[in-house]
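Participant: Take a look at this one; I'll ask things after.
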Amino acid sequence: MILITGGAGYIGSHTVLNFLKDNYDVLIFDNLETGHIETVEELKKAGNVTFEKGDLRNLDDIDRVFSKYKIDAVIHFAAFSLVGESVINPAKYYRNNTVGTLNLLDTMIKHNVKKIIFSSTCATYGEPEYTPIDEKHPQKPINPYGSSKLMVERIMADYDSAYGLKSVKLRYFNVAGCDTQNRVGEWHDTETHLIPNIIKSVFEKGQTFKIFGDDYPTADGTCIRDYVNVEDLAQAHKLAYLWLEKENRSDVFNLGTENGNSVKEVFDTCEKVLNQKIDVEITQRRPGDPATLYANAAKAKNTLKWEPQNTLEHSIKTAYKFEQKLQSLKK
């Protein structure tokens, strides 16, 4: 049985589907603070899913689950991930993302579960010193969210040396898209991601979409980011798990397409997919936004044999379909 923490959330739910496709038994552990019970019910239709509500900040919740089920490995998504909020309320992020993970690792060792795939982030790198960013790039996070994840990476390295707990850390870049079959998708009550916000602006009449800065040193003046499809990302977690099972050693991998798309390119692709004009306003840059940020993912491609399959256009099409589904729920 595979334990997936945060399996009711965005990337977690797509990874659940990926494992169910290969007939794994999946146990979802989620406090439903940002995940949704409707997502869990949808996942149960796809295969053998067990759900346990609980919080990583509560040791008894985690211990109960490890005592009740025979868990072979853990895929760990459960975390808060709003960069802006982490700056305003760092305690929330260190308590949940770092201390919560520490509780999880201690419980794994107690129950002799020694394999974990960790959802890390390119935010651990901070301001890019060079692009594309590879795994050897210095890690100097510029916000508490990135710092909370980097602390976990370092704890995992120490736990490997001391206790033999093997981990694969996956540092993703920008995630986009939804399940091709429209079962689950990106469903955040506070949405900060570019693509769903562009799409939402279509449904919210009178809303003008804002582009923050068009004077960056890029071809069209807008920021460039690496948008990796969520189903491709889910496949990377499966491949990382299979690699860990076989190799039984810790490592870290970047996950991205190795291609950057500018904000304007994303916006233009959204207009093309939606076949309509979207009102846009150019405003001032946001502080701390690097001009260009994209991955060198050669290590994941060579070692895990991972290859992203889906285009930006596909990600936008699936995101639009899922947003239509969410809008219908509001009626």
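A note on labels: chains of the structure tokens are A, B, ... as shown, every chain counts residues from 1, and ligands are counted from 1 in their shown order.
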Run DSSP on the backbone and tell me which residues of range 110-153 of chain A come out as strand (DSSP E); list them as a PyMOL selection string.
Facilitator: chain A and resi 115-121
Participant: May I have the selected residues written with N, CA and C atoms, as a compact mmCIF listing (two decimals), in the first residue's frame?
Facilitator:
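Contents of the output file out_24.txt:
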```txt
# COMPACT_ATOMS: atom_id res chain seq x y z
N LYS A 115 11.08 4.37 2.87
CA LYS A 115 11.13 4.97 1.53
C LYS A 115 10.10 6.09 1.39
N ILE A 116 10.56 7.25 0.92
CA ILE A 116 9.65 8.39 0.75
C ILE A 116 10.01 9.19 -0.50
N ILE A 117 8.99 9.60 -1.24
CA ILE A 117 9.14 10.53 -2.36
C ILE A 117 8.62 11.87 -1.86
N PHE A 118 9.45 12.91 -1.95
CA PHE A 118 9.10 14.21 -1.36
C PHE A 118 8.85 15.26 -2.43
N SER A 119 7.71 15.92 -2.30
CA SER A 119 7.33 17.02 -3.17
C SER A 119 8.06 18.28 -2.72
N SER A 120 9.19 18.56 -3.37
CA SER A 120 9.94 19.78 -3.06
C SER A 120 9.64 20.82 -4.14
N THR A 121 10.50 21.79 -4.30
CA THR A 121 10.15 22.92 -5.17
C THR A 121 11.39 23.65 -5.67
```
Participant: Tell me, as a list in words, which residues lie within 10 Å of Val40 in chain A, counting only C-alpha atoms; anything in the same chain fewer than 2 positions away does not count.
Facilitator: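 Counting only the stated atoms, we get Gly7, Ala8, Gly9, Ser13, Val16, Ile28, Asp30, Leu32, Gly35, His36, Ile37, Glu38, Glu42, Leu43, Lys44, Lys45, Val49, Thr50, Phe51 and Val184 of chain A.
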Participant: Excluding Val87 in chain A and any residue of its chain fewer than 6 positions from it, enumerate the residues within 10 Å of it, using only C-alpha atoms, and give them as an MDAnalysis selection string.
Facilitator: chainID A and resid 93 142:145
Participant: Considering only alpha helix (DSSP H) as DSSP defines it on the backbone, what residues of range 65-260 of chain A qualify? List them as a ChimeraX atom specification.
Facilitator: /A:65-68,83-88,90-93,100-110,144-163,194-203,230-247
Participant: Could you please take those selected residues and save C-alpha atoms as a JSON list (two decimals), in the first residue's frame?
Facilitator:
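Saved to again_22.json:
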```json
[["chain", "number", "residue", "atom", "x", "y", "z"],
["A", 65, "VAL", "CA", -2.55, 5.34, 10.29],
["A", 66, "PHE", "CA", 0.82, 3.55, 10.38],
["A", 67, "SER", "CA", -0.47, 1.21, 13.11],
["A", 68, "LYS", "CA", -3.66, 0.41, 11.17],
["A", 83, "VAL", "CA", 4.58, 32.13, -1.23],
["A", 84, "GLY", "CA", 2.97, 35.45, -0.28],
["A", 85, "GLU", "CA", 1.20, 33.94, 2.73],
["A", 86, "SER", "CA", 4.46, 32.34, 3.89],
["A", 87, "VAL", "CA", 6.05, 35.81, 4.10],
["A", 88, "ILE", "CA", 3.15, 37.16, 6.18],
["A", 90, "PRO", "CA", 6.03, 32.07, 8.41],
["A", 91, "ALA", "CA", 5.07, 30.22, 11.60],
["A", 92, "LYS", "CA", 2.24, 28.47, 9.75],
["A", 93, "TYR", "CA", 4.69, 27.22, 7.10],
["A", 100, "GLY", "CA", 4.72, 18.20, 10.11],
["A", 101, "THR", "CA", 7.19, 16.39, 7.86],
["A", 102, "LEU", "CA", 9.48, 15.72, 10.82],
["A", 103, "ASN", "CA", 6.54, 14.05, 12.57],
["A", 104, "LEU", "CA", 5.92, 11.96, 9.45],
["A", 105, "LEU", "CA", 9.57, 10.86, 9.16],
["A", 106, "ASP", "CA", 9.78, 9.95, 12.87],
["A", 107, "THR", "CA", 6.63, 7.85, 12.56],
["A", 108, "MET", "CA", 7.97, 6.14, 9.43],
["A", 109, "ILE", "CA", 11.16, 5.15, 11.29],
["A", 110, "LYS", "CA", 9.14, 3.94, 14.28],
["A", 144, "PRO", "CA", 9.68, 31.01, 4.13],
["A", 145, "TYR", "CA", 7.86, 28.58, 1.79],
["A", 146, "GLY", "CA", 11.12, 27.76, -0.02],
["A", 147, "SER", "CA", 13.01, 27.67, 3.28],
["A", 148, "SER", "CA", 10.48, 25.27, 4.85],
["A", 149, "LYS", "CA", 11.01, 22.84, 1.95],
["A", 150, "LEU", "CA", 14.81, 23.18, 1.95],
["A", 151, "MET", "CA", 14.88, 22.37, 5.67],
["A", 152, "VAL", "CA", 13.01, 19.15, 4.93],
["A", 153, "GLU", "CA", 15.50, 18.23, 2.19],
["A", 154, "ARG", "CA", 18.34, 18.66, 4.69],
["A", 155, "ILE", "CA", 16.53, 16.70, 7.40],
["A", 156, "MET", "CA", 16.01, 13.86, 4.92],
["A", 157, "ALA", "CA", 19.73, 13.77, 4.09],
["A", 158, "ASP", "CA", 20.53, 13.50, 7.81],
["A", 159, "TYR", "CA", 17.84, 10.86, 8.36],
["A", 160, "ASP", "CA", 19.34, 8.80, 5.56],
["A", 161, "SER", "CA", 22.81, 8.93, 7.17],
["A", 162, "ALA", "CA", 21.54, 8.22, 10.67],
["A", 163, "TYR", "CA", 18.52, 5.93, 10.17],
["A", 194, "LEU", "CA", -1.27, 32.12, -13.77],
["A", 195, "ILE", "CA", -3.25, 29.77, -16.04],
["A", 196, "PRO", "CA", -6.31, 29.16, -13.82],
["A", 197, "ASN", "CA", -6.44, 32.88, -13.02],
["A", 198, "ILE", "CA", -6.49, 33.78, -16.72],
["A", 199, "ILE", "CA", -9.25, 31.22, -17.26],
["A", 200, "LYS", "CA", -11.24, 32.41, -14.21],
["A", 201, "SER", "CA", -11.18, 35.97, -15.58],
["A", 202, "VAL", "CA", -13.30, 34.71, -18.51],
["A", 203, "PHE", "CA", -16.04, 33.49, -16.16],
["A", 230, "VAL", "CA", 0.41, 17.84, -13.86],
["A", 231, "GLU", "CA", -0.14, 14.39, -15.41],
["A", 232, "ASP", "CA", 3.50, 14.34, -16.53],
["A", 233, "LEU", "CA", 4.43, 15.31, -12.98],
["A", 234, "ALA", "CA", 2.32, 12.48, -11.56],
["A", 235, "GLN", "CA", 4.13, 10.03, -13.85],
["A", 236, "ALA", "CA", 7.46, 11.34, -12.53],
["A", 237, "HIS", "CA", 6.39, 10.41, -8.99],
["A", 238, "LYS", "CA", 5.59, 6.85, -10.10],
["A", 239, "LEU", "CA", 8.95, 6.56, -11.88],
["A", 240, "ALA", "CA", 10.74, 7.99, -8.83],
["A", 241, "TYR", "CA", 9.02, 5.40, -6.63],
["A", 242, "LEU", "CA", 9.98, 2.54, -8.97],
["A", 243, "TRP", "CA", 13.58, 3.82, -9.12],
["A", 244, "LEU", "CA", 13.75, 4.04, -5.32],
["A", 245, "GLU", "CA", 12.37, 0.52, -4.98],
["A", 246, "LYS", "CA", 15.07, -0.77, -7.30],
["A", 247, "GLU", "CA", 18.08, 1.35, -6.26]]
```
Participant: With distances taken over only C-alpha atoms, which of A:Asn275, A:His193, A:Glu135, A:Gly213 is nearest to Ala300 in chain A?
Facilitator: A:Glu135
Participant: Find the residues near Glu186 in chain A: any atom within 10 Å, counting only C-alpha atoms, skip ones fewer than 2 places away on the same chain, and give them as an MDAnalysis selection string.
Facilitator: chainID A and resid 9:11 13:14 175:179 184 188:189 191 193 196 230 318:319 322:323 326
Participant: Give me the residues within 8 Å of range 218-220 of chain A as a list in words, counting only C-alpha atoms and dropping any in the same chain fewer than 2 places off.
Facilitator: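 The residues that qualify are Asp214, Tyr216, Thr222, Cys223, Ile224, Ser262, Lys264, Ala291 and Thr292 of chain A.
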Participant: Measuring atom to atom with only C-alpha atoms, identify which of A:Asn261, A:Thr5, A:Asn48, A:Gln284 is nearest to Phe29 in chain A.
Facilitator: A:Thr5
Participant: Which polymer residues have any atom within 7 Å of an atom of Gly256 in chain A, counting only C-alpha atoms, with same-chain residues fewer than 6 positions away left out, as a PyMOL selection string?
Facilitator: chain A and resi 172-173+226-228+295+297
Participant: As a CSV table (one decimal) with N, CA and C atoms, in the first residue's frame, please: the residues near Lys325 in chain A (cut-off 10 Å, only C-alpha atoms, same-chain neighbours under 5 positions excluded).
Facilitator:
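The file below, around34.csv, is the result:
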```
chain,number,residue,atom,x,y,z
A,182,ASN,N,-11.0,14.7,-16.9
A,182,ASN,CA,-11.7,15.7,-16.2
A,182,ASN,C,-12.3,15.2,-14.8
A,183,ARG,N,-11.6,14.3,-14.2
A,183,ARG,CA,-12.1,13.8,-12.9
A,183,ARG,C,-11.7,14.7,-11.8
A,184,VAL,N,-10.4,15.1,-11.8
A,184,VAL,CA,-9.9,15.9,-10.8
A,184,VAL,C,-9.1,17.1,-11.5
A,185,GLY,N,-8.8,18.1,-10.7
A,185,GLY,CA,-8.1,19.2,-11.3
A,185,GLY,C,-7.6,20.2,-10.3
A,319,ALA,N,-7.3,22.5,-18.2
A,319,ALA,CA,-7.6,23.4,-17.1
A,319,ALA,C,-8.9,24.1,-17.4
A,320,TYR,N,-9.2,24.5,-18.6
A,320,TYR,CA,-10.4,25.2,-19.0
A,320,TYR,C,-11.6,24.2,-18.7
A,330,LYS,N,-21.1,25.8,-8.8
A,330,LYS,CA,-21.5,27.0,-8.1
A,330,LYS,C,-23.0,27.4,-8.4
```
Participant: Kindly give the distance, in Å, that separates CA of Val252 in chain A and CA of Leu59 in chain A, rounded to a single decimal.
Facilitator: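 Taking CA of Val252 in chain A as the start and CA of Leu59 in chain A as the end point, the length is 27.0 Å.
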Participant: Go through A:Leu17, A:Cys270, A:Ala73, A:Ala123 one by one, measure the shortest atom-to-atom distance of each to Pro290 in chain A using only C-alpha atoms, and give the residue with the smallest value.
Facilitator: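 Looking at the shortest contact to Pro290 in chain A, the residue is A:Ala123.
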